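Containing PDB, C-alpha atoms and all ligand atoms: start37.pdb.
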ATOM      1  CA  MET Q   1     -10.218-181.492  29.404
ATOM      2  CA  ALA Q   2     -10.290-178.851  26.751
ATOM      3  CA  ILE Q   3     -10.931-178.679  23.033
ATOM      4  CA  LYS Q   4      -8.032-176.967  21.260
ATOM      5  CA  ALA Q   5      -8.279-174.855  18.113
ATOM      6  CA  ILE Q   6      -7.105-176.635  14.953
ATOM      7  CA  VAL Q   7      -4.316-174.920  13.027
ATOM      8  CA  PHE Q   8      -4.943-174.788   9.290
ATOM      9  CA  HIS Q   9      -2.632-174.837   6.311
ATOM     10  CA  PRO Q  10      -0.543-172.735   5.544
ATOM     11  CA  ALA Q  11       0.469-172.109   9.172
ATOM     12  CA  ALA Q  12       4.271-172.333   9.452
ATOM     13  CA  VAL Q  13       4.123-174.755  12.400
ATOM     14  CA  LEU Q  14       2.666-177.422  10.078
ATOM     15  CA  SER Q  15       5.767-177.398   7.867
ATOM     16  CA  GLN Q  16       8.361-177.665  10.640
ATOM     17  CA  ALA Q  17       9.920-180.771  12.116
ATOM     18  CA  ALA Q  18       8.610-181.004  15.675
ATOM     19  CA  GLU Q  19      10.822-181.273  18.769
ATOM     20  CA  GLN Q  20      11.406-184.465  20.712
ATOM     21  CA  VAL Q  21       9.515-184.757  23.988
ATOM     22  CA  THR Q  22      11.872-185.065  26.974
ATOM     23  CA  VAL Q  23       9.550-184.346  29.927
ATOM     24  CA  PHE Q  24       6.786-186.796  30.866
ATOM     25  CA  ASP Q  25       4.746-184.865  33.392
ATOM     26  CA  ASN Q  26       1.088-184.134  34.128
ATOM     27  CA  LYS Q  27       1.152-181.390  31.523
ATOM     28  CA  LEU Q  28       1.899-183.998  28.848
ATOM     29  CA  LYS Q  29      -0.911-186.250  30.098
ATOM     30  CA  LYS Q  30      -3.366-183.352  29.983
ATOM     31  CA  LEU Q  31      -2.137-182.415  26.511
ATOM     32  CA  LEU Q  32      -2.670-185.970  25.221
ATOM     33  CA  SER Q  33      -6.190-185.988  26.663
ATOM     34  CA  ASP Q  34      -6.949-182.577  25.171
ATOM     35  CA  MET Q  35      -5.625-183.698  21.775
ATOM     36  CA  TYR Q  36      -7.829-186.798  21.874
ATOM     37  CA  GLU Q  37     -10.903-184.734  22.780
ATOM     38  CA  THR Q  38     -10.081-182.280  20.008
ATOM     39  CA  MET Q  39      -9.702-185.101  17.467
ATOM     40  CA  VAL Q  40     -13.039-186.672  18.450
ATOM     41  CA  GLU Q  41     -14.819-183.292  18.461
ATOM     42  CA  ASN Q  42     -13.621-182.722  14.871
ATOM     43  CA  ASP Q  43     -14.507-186.256  13.672
ATOM     44  CA  GLY Q  44     -10.844-186.974  12.993
ATOM     45  CA  VAL Q  45      -9.040-190.331  13.165
ATOM     46  CA  GLY Q  46      -5.729-188.759  14.145
ATOM     47  CA  LEU Q  47      -4.217-185.521  15.380
ATOM     48  CA  ALA Q  48      -0.613-184.353  15.695
ATOM     49  CA  ALA Q  49       0.562-181.647  18.116
ATOM     50  CA  PRO Q  50       1.591-179.215  15.340
ATOM     51  CA  GLN Q  51      -2.088-179.194  14.330
ATOM     52  CA  ILE Q  52      -2.895-177.416  17.582
ATOM     53  CA  GLY Q  53       0.122-175.127  17.152
ATOM     54  CA  LEU Q  54       2.565-177.082  19.289
ATOM     55  CA  SER Q  55       5.817-178.184  17.646
ATOM     56  CA  LYS Q  56       6.299-181.381  19.679
ATOM     57  CA  LYS Q  57       6.529-185.025  18.585
ATOM     58  CA  ILE Q  58       3.131-186.055  19.978
ATOM     59  CA  ALA Q  59       0.218-187.663  18.121
ATOM     60  CA  VAL Q  60      -3.034-189.473  18.862
ATOM     61  CA  VAL Q  61      -4.811-191.930  16.576
ATOM     62  CA  ASP Q  62      -8.171-193.687  16.877
ATOM     63  CA  ILE Q  63      -9.811-195.113  13.790
ATOM     64  CA  GLY Q  64     -12.824-196.278  15.789
ATOM     65  CA  GLU Q  65     -11.979-199.969  15.676
ATOM     66  CA  GLU Q  66     -10.630-202.484  18.159
ATOM     67  CA  SER Q  67      -7.193-200.831  18.145
ATOM     68  CA  GLY Q  68      -8.753-198.080  20.300
ATOM     69  CA  LYS Q  69      -6.925-194.954  21.377
ATOM     70  CA  ILE Q  70      -3.238-194.859  20.447
ATOM     71  CA  GLU Q  71      -0.930-192.265  21.968
ATOM     72  CA  LEU Q  72       2.423-191.781  20.266
ATOM     73  CA  VAL Q  73       5.280-189.754  21.739
ATOM     74  CA  ASN Q  74       8.507-189.430  19.694
ATOM     75  CA  PRO Q  75       7.306-192.130  17.241
ATOM     76  CA  VAL Q  76       9.662-193.573  14.619
ATOM     77  CA  ILE Q  77       8.816-195.971  11.796
ATOM     78  CA  ILE Q  78      11.329-198.804  12.086
ATOM     79  CA  GLU Q  79       9.910-201.078   9.394
ATOM     80  CA  ALA Q  80       7.648-200.558   6.366
ATOM     81  CA  LYS Q  81       6.400-203.092   3.812
ATOM     82  CA  GLY Q  82       3.989-203.362   0.926
ATOM     83  CA  GLU Q  83       1.868-200.672  -0.630
ATOM     84  CA  GLN Q  84      -1.661-199.299  -0.313
ATOM     85  CA  THR Q  85      -3.460-196.577  -2.237
ATOM     86  CA  GLY Q  86      -6.532-194.828  -0.900
ATOM     87  CA  PRO Q  87      -8.302-191.610   0.046
ATOM     88  CA  GLU Q  88      -6.860-189.358   2.696
ATOM     89  CA  GLY Q  89      -7.852-186.082   4.304
ATOM     90  CA  CYS Q  90      -6.521-183.867   7.072
ATOM     91  CA  LEU Q  91      -8.145-181.689   9.758
ATOM     92  CA  SER Q  92      -5.719-178.923   8.759
ATOM     93  CA  PHE Q  93      -7.066-178.997   5.170
ATOM     94  CA  PRO Q  94     -10.870-178.887   5.574
ATOM     95  CA  GLY Q  95     -12.766-180.354   2.626
ATOM     96  CA  LEU Q  96      -9.640-181.515   0.766
ATOM     97  CA  TYR Q  97      -9.267-185.214  -0.052
ATOM     98  CA  GLY Q  98      -6.627-186.875  -2.161
ATOM     99  CA  GLU Q  99      -5.478-190.314  -3.202
ATOM    100  CA  VAL Q 100      -2.249-191.220  -1.407
ATOM    101  CA  THR Q 101       0.011-194.249  -1.842
ATOM    102  CA  ARG Q 102       1.838-195.415   1.292
ATOM    103  CA  PRO Q 103       3.386-198.598   2.671
ATOM    104  CA  ASP Q 104       0.664-201.034   3.755
ATOM    105  CA  TYR Q 105       2.427-202.269   6.874
ATOM    106  CA  VAL Q 106       4.502-200.356   9.403
ATOM    107  CA  LYS Q 107       6.165-201.158  12.675
ATOM    108  CA  VAL Q 108       6.510-198.089  14.888
ATOM    109  CA  GLN Q 109       8.583-197.519  17.981
ATOM    110  CA  ALA Q 110       7.293-194.828  20.337
ATOM    111  CA  LEU Q 111       7.026-193.789  23.967
ATOM    112  CA  ASN Q 112       3.778-193.829  25.918
ATOM    113  CA  ARG Q 113       2.541-191.008  28.159
ATOM    114  CA  HIS Q 114       4.790-192.258  30.966
ATOM    115  CA  GLY Q 115       7.911-192.284  28.774
ATOM    116  CA  LYS Q 116       7.918-196.073  28.471
ATOM    117  CA  PRO Q 117       8.942-197.462  25.046
ATOM    118  CA  PHE Q 118       6.556-199.679  23.088
ATOM    119  CA  GLU Q 119       6.126-200.967  19.559
ATOM    120  CA  ILE Q 120       3.001-201.090  17.472
ATOM    121  CA  GLU Q 121       2.376-202.882  14.168
ATOM    122  CA  ALA Q 122      -0.366-201.801  11.806
ATOM    123  CA  SER Q 123      -1.595-202.375   8.282
ATOM    124  CA  GLY Q 124      -4.378-200.988   6.126
ATOM    125  CA  PHE Q 125      -6.242-197.905   7.314
ATOM    126  CA  LEU Q 126      -4.729-197.859  10.808
ATOM    127  CA  SER Q 127      -1.254-197.911   9.272
ATOM    128  CA  ARG Q 128      -2.270-195.064   6.950
ATOM    129  CA  ALA Q 129      -3.559-192.964   9.860
ATOM    130  CA  ILE Q 130      -0.394-193.562  11.917
ATOM    131  CA  GLN Q 131       1.881-192.725   8.967
ATOM    132  CA  HIS Q 132      -0.082-189.534   8.267
ATOM    133  CA  GLU Q 133       0.387-188.354  11.868
ATOM    134  CA  ILE Q 134       4.081-189.269  12.006
ATOM    135  CA  ASP Q 135       4.539-187.280   8.783
ATOM    136  CA  HIS Q 136       3.050-184.255  10.584
ATOM    137  CA  LEU Q 137       5.773-184.539  13.228
ATOM    138  CA  GLU Q 138       8.377-184.204  10.482
ATOM    139  CA  GLY Q 139       6.596-181.233   8.907
ATOM    140  CA  VAL Q 140       5.444-183.402   5.981
ATOM    141  CA  LEU Q 141       1.894-182.751   4.783
ATOM    142  CA  PHE Q 142      -0.256-185.279   2.930
ATOM    143  CA  THR Q 143      -0.618-182.854   0.025
ATOM    144  CA  SER Q 144       3.043-183.554  -0.849
ATOM    145  CA  LYS Q 145       2.080-187.232  -1.405
ATOM    146  CA  VAL Q 146      -1.250-186.878  -3.215
ATOM    147  CA  ASN Q 147      -1.487-188.669  -6.576
ATOM    148  CA  ARG Q 148      -4.672-186.800  -7.440
ATOM    149  CA  TYR Q 149      -7.405-184.875  -5.639
ATOM    150  CA  TYR Q 150     -10.980-186.101  -5.497
ATOM    151  CA  GLU Q 151     -13.752-184.022  -6.978
ATOM    152  CA  ALA Q 152     -16.932-183.187  -5.074
ATOM    153  CA  HIS Q 153     -19.056-185.877  -6.771
ATOM    154  CA  GLU Q 154     -16.463-188.551  -6.009
ATOM    155  CA  LEU Q 155     -16.485-187.550  -2.333
ATOM    156  CA  GLU Q 156     -20.268-187.797  -2.228
ATOM    157  CA  GLU Q 157     -20.089-191.293  -3.689
ATOM    158  CA  MET Q 158     -17.479-192.325  -1.102
ATOM    159  CA  GLU Q 159     -19.628-191.024   1.743
ATOM    160  CA  GLY Q 160     -22.808-192.421   0.186
TER
HETATM  161 ZN    ZN Q 201      -3.228-184.325   8.936
END
Using C-alpha cells, write down the structure that the file contains.
Ligand SMILES: [Zn+2]
Amino acid sequence: MAIKAIVFHPAAVLSQAAEQVTVFDNKLKKLLSDMYETMVENDGVGLAAPQIGLSKKIAVVDIGEESGKIELVNPVIIEAKGEQTGPEGCLSFPGLYGEVTRPDYVKVQALNRHGKPFEIEASGFLSRAIQHEIDHLEGVLFTSKVNRYYEAHELEEMEG
C-alpha cells in the first residue's frame, strides 16, 4: 500500500464532477486501499479520489466507530431527511473549520469494490462525513456550504 499526496484547494480537480467508475479490477482495489491508508495517515474521517488528484467517483469513510471502513464507488444519495448543524473540516483545506448545515439522515446507493450494489443508511456524524465525500465527487466543496468559520479560540475549545 502507498500513501498518496493530498491535493489542496484551489486545485482544479477539486471543483470538477468526477467520472463514473466502470472497471472493477485490482487497480481499483489497490486504489481503495491506498486511499484508506492516506486518510488514516492524515487523521481524516473521509477521503474522495479528487483529493489525491484522481477525478473518479470513489470515496472512503471511517469515523472510527462501529460502522468501520466504508468504501463507496459511484455513490448516490437516494433519500435525505432532517437537518443537522455542526463543525466540518477538509483535508484539502488544512486548518479551516466551518459550521455546516446538512440533512441529518441519508440513504446512499453505491457499488462496492467488486462492482456489487449496496445501500447504506446513516445519520449524525457518519451521515455528515458521507455527504461531505459525495459532494467532493460532484466538485462541491464544503466551503460553499459554510454558515460561518470558526476562530482559533473556538477550535481550541472544541478540541479541549
Ligand atoms: Zn473534504
Next item on the list: Pick out the residues sitting within 10 Å of Leu32 (chain Q), and hand them over as a VMD selection string; count only C-alpha atoms, and ignore anything fewer than 2 positions along from it in its own chain.
Entry: chain Q and resid 1 26 to 30 34 to 38 47 to 49 58 to 60 71 to 73 113
Determine the residue membership of the PyMOL selection byres (((not hetatm)) within 8 of (chain Q and resi 201)) for the file above and supply it as a PDB file with C-alpha atoms, in the coordinates of the input.
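What landed in selection_10.pdb:
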ATOM      1  CA  GLY Q  46      -5.729-188.759  14.145  1.00  0.00           C
ATOM      2  CA  LEU Q  47      -4.217-185.521  15.380  1.00  0.00           C
ATOM      3  CA  ALA Q  48      -0.613-184.353  15.695  1.00  0.00           C
ATOM      4  CA  GLN Q  51      -2.088-179.194  14.330  1.00  0.00           C
ATOM      5  CA  GLY Q  89      -7.852-186.082   4.304  1.00  0.00           C
ATOM      6  CA  CYS Q  90      -6.521-183.867   7.072  1.00  0.00           C
ATOM      7  CA  LEU Q  91      -8.145-181.689   9.758  1.00  0.00           C
ATOM      8  CA  SER Q  92      -5.719-178.923   8.759  1.00  0.00           C
ATOM      9  CA  PHE Q  93      -7.066-178.997   5.170  1.00  0.00           C
ATOM     10  CA  HIS Q 132      -0.082-189.534   8.267  1.00  0.00           C
ATOM     11  CA  GLU Q 133       0.387-188.354  11.868  1.00  0.00           C
ATOM     12  CA  HIS Q 136       3.050-184.255  10.584  1.00  0.00           C
ATOM     13  CA  LEU Q 141       1.894-182.751   4.783  1.00  0.00           C
ATOM     14  CA  PHE Q 142      -0.256-185.279   2.930  1.00  0.00           C
TER      15      PHE Q 142
END
Notebook entry, point to check: How many Å separate CA of Val61 (chain Q) from CA of Ala152 (chain Q)?
Noted result: 26.3 Å
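One distance worth recording is that between CA of Met39 (chain Q) and CA of Thr101 (chain Q), which is 23.5 Å.
Take CA of Tyr105 (chain Q) and CA of Gly64 (chain Q): the distance between them is 18.7 Å.
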Margin query: Taking the file as I've supplied it (selection: the PyMOL selection byres (((chain Q and resi 63) around 9) and not hetatm)), which residues are included? Please answer as a ChimeraX atom specification.
Written below: /Q:44-46,61-62,64-69,125-126,129
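Once the PyMOL selection byres (((chain Q and resi 81) around 9) and not hetatm) is applied to this file, the selection holds Q:Glu79, Q:Ala80, Q:Gly82, Q:Glu83, Q:Pro103, Q:Asp104, Q:Tyr105, Q:Val106.
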Mind writing the picked residues with C-alpha atoms as a compact mmCIF listing (two decimals), in the coordinates of the input?
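Contents of again.txt, as written:
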# COMPACT_ATOMS: atom_id res chain seq x y z
CA GLU Q 79 9.91 -201.08 9.39
CA ALA Q 80 7.65 -200.56 6.37
CA GLY Q 82 3.99 -203.36 0.93
CA GLU Q 83 1.87 -200.67 -0.63
CA PRO Q 103 3.39 -198.60 2.67
CA ASP Q 104 0.66 -201.03 3.76
CA TYR Q 105 2.43 -202.27 6.87
CA VAL Q 106 4.50 -200.36 9.40
Check: With distances taken over only C-alpha atoms, which of Q:Val100, Q:Gln109, Q:Arg128, Q:Phe118 is nearest to Ser144 (chain Q)?
Finding: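 When distances to Ser144 (chain Q) are compared using only C-alpha atoms, the smallest one comes from Q:Val100.
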Item checked: Option closest in space to Ala18 (chain Q), from Q:Pro87, Q:Ser55, Q:Ile134, Q:Arg148 [counting only C-alpha atoms] ->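 Among the listed residues, Q:Ser55 lies closest to Ala18 (chain Q).
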Note to self: List as a list in words the protein and nucleic acid residues near Ile77 (chain Q), meaning an atom at most 10 Å away when all atoms listed in the file are counted, but skip any in the same chain fewer than 4 places from it.
What the structure shows: Val106, Lys107, Val108, Gln109, Ala110, Glu119, Ile120, Glu121, Ile130, Gln131 and Ile134 of chain Q
Notebook entry, point to check: Between Q:Thr85, Q:Ser123, Q:Thr22, Q:Gln16, which one has atoms that come closest to Glu138 (chain Q), using all atoms listed in the file?
Noted result: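 Ranked by minimum distance to Glu138 (chain Q), first place goes to Q:Gln16.
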Checklist line | Pick from Q:Leu54, Q:Ile70, Q:Glu157, Q:Glu88, whichever lies nearest to Thr143 (chain Q) using all atoms listed in the file | finding: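 Nearest candidate to Thr143 (chain Q) out of Q:Leu54, Q:Ile70, Q:Glu157, Q:Glu88: Q:Glu88.
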Next item on the list: Could you check which of Q:Leu137, Q:Gly95, Q:Ala11, Q:Asn112 is closest to Tyr150 (chain Q), using only C-alpha atoms?
Entry: Q:Gly95
Next item on the list: Give the answer as one residue: which of Q:Gly115, Q:Ala12, Q:Arg102, Q:Glu19 has the shortest atom-to-atom distance to Gln84 (chain Q), using all atoms listed in the file?
Entry: Q:Arg102
Taking all atoms of region 105-111 of chain Q that the file lists and extending 8 Å past them on each side, where is the centre of the axis-aligned box and how long are its edges? Answer in Å to one decimal, as AutoDock Vina command-line options.
--center_x 5.5 --center_y -198.0 --center_z 15.4 --size_x 22.2 --size_y 24.5 --size_z 33.1
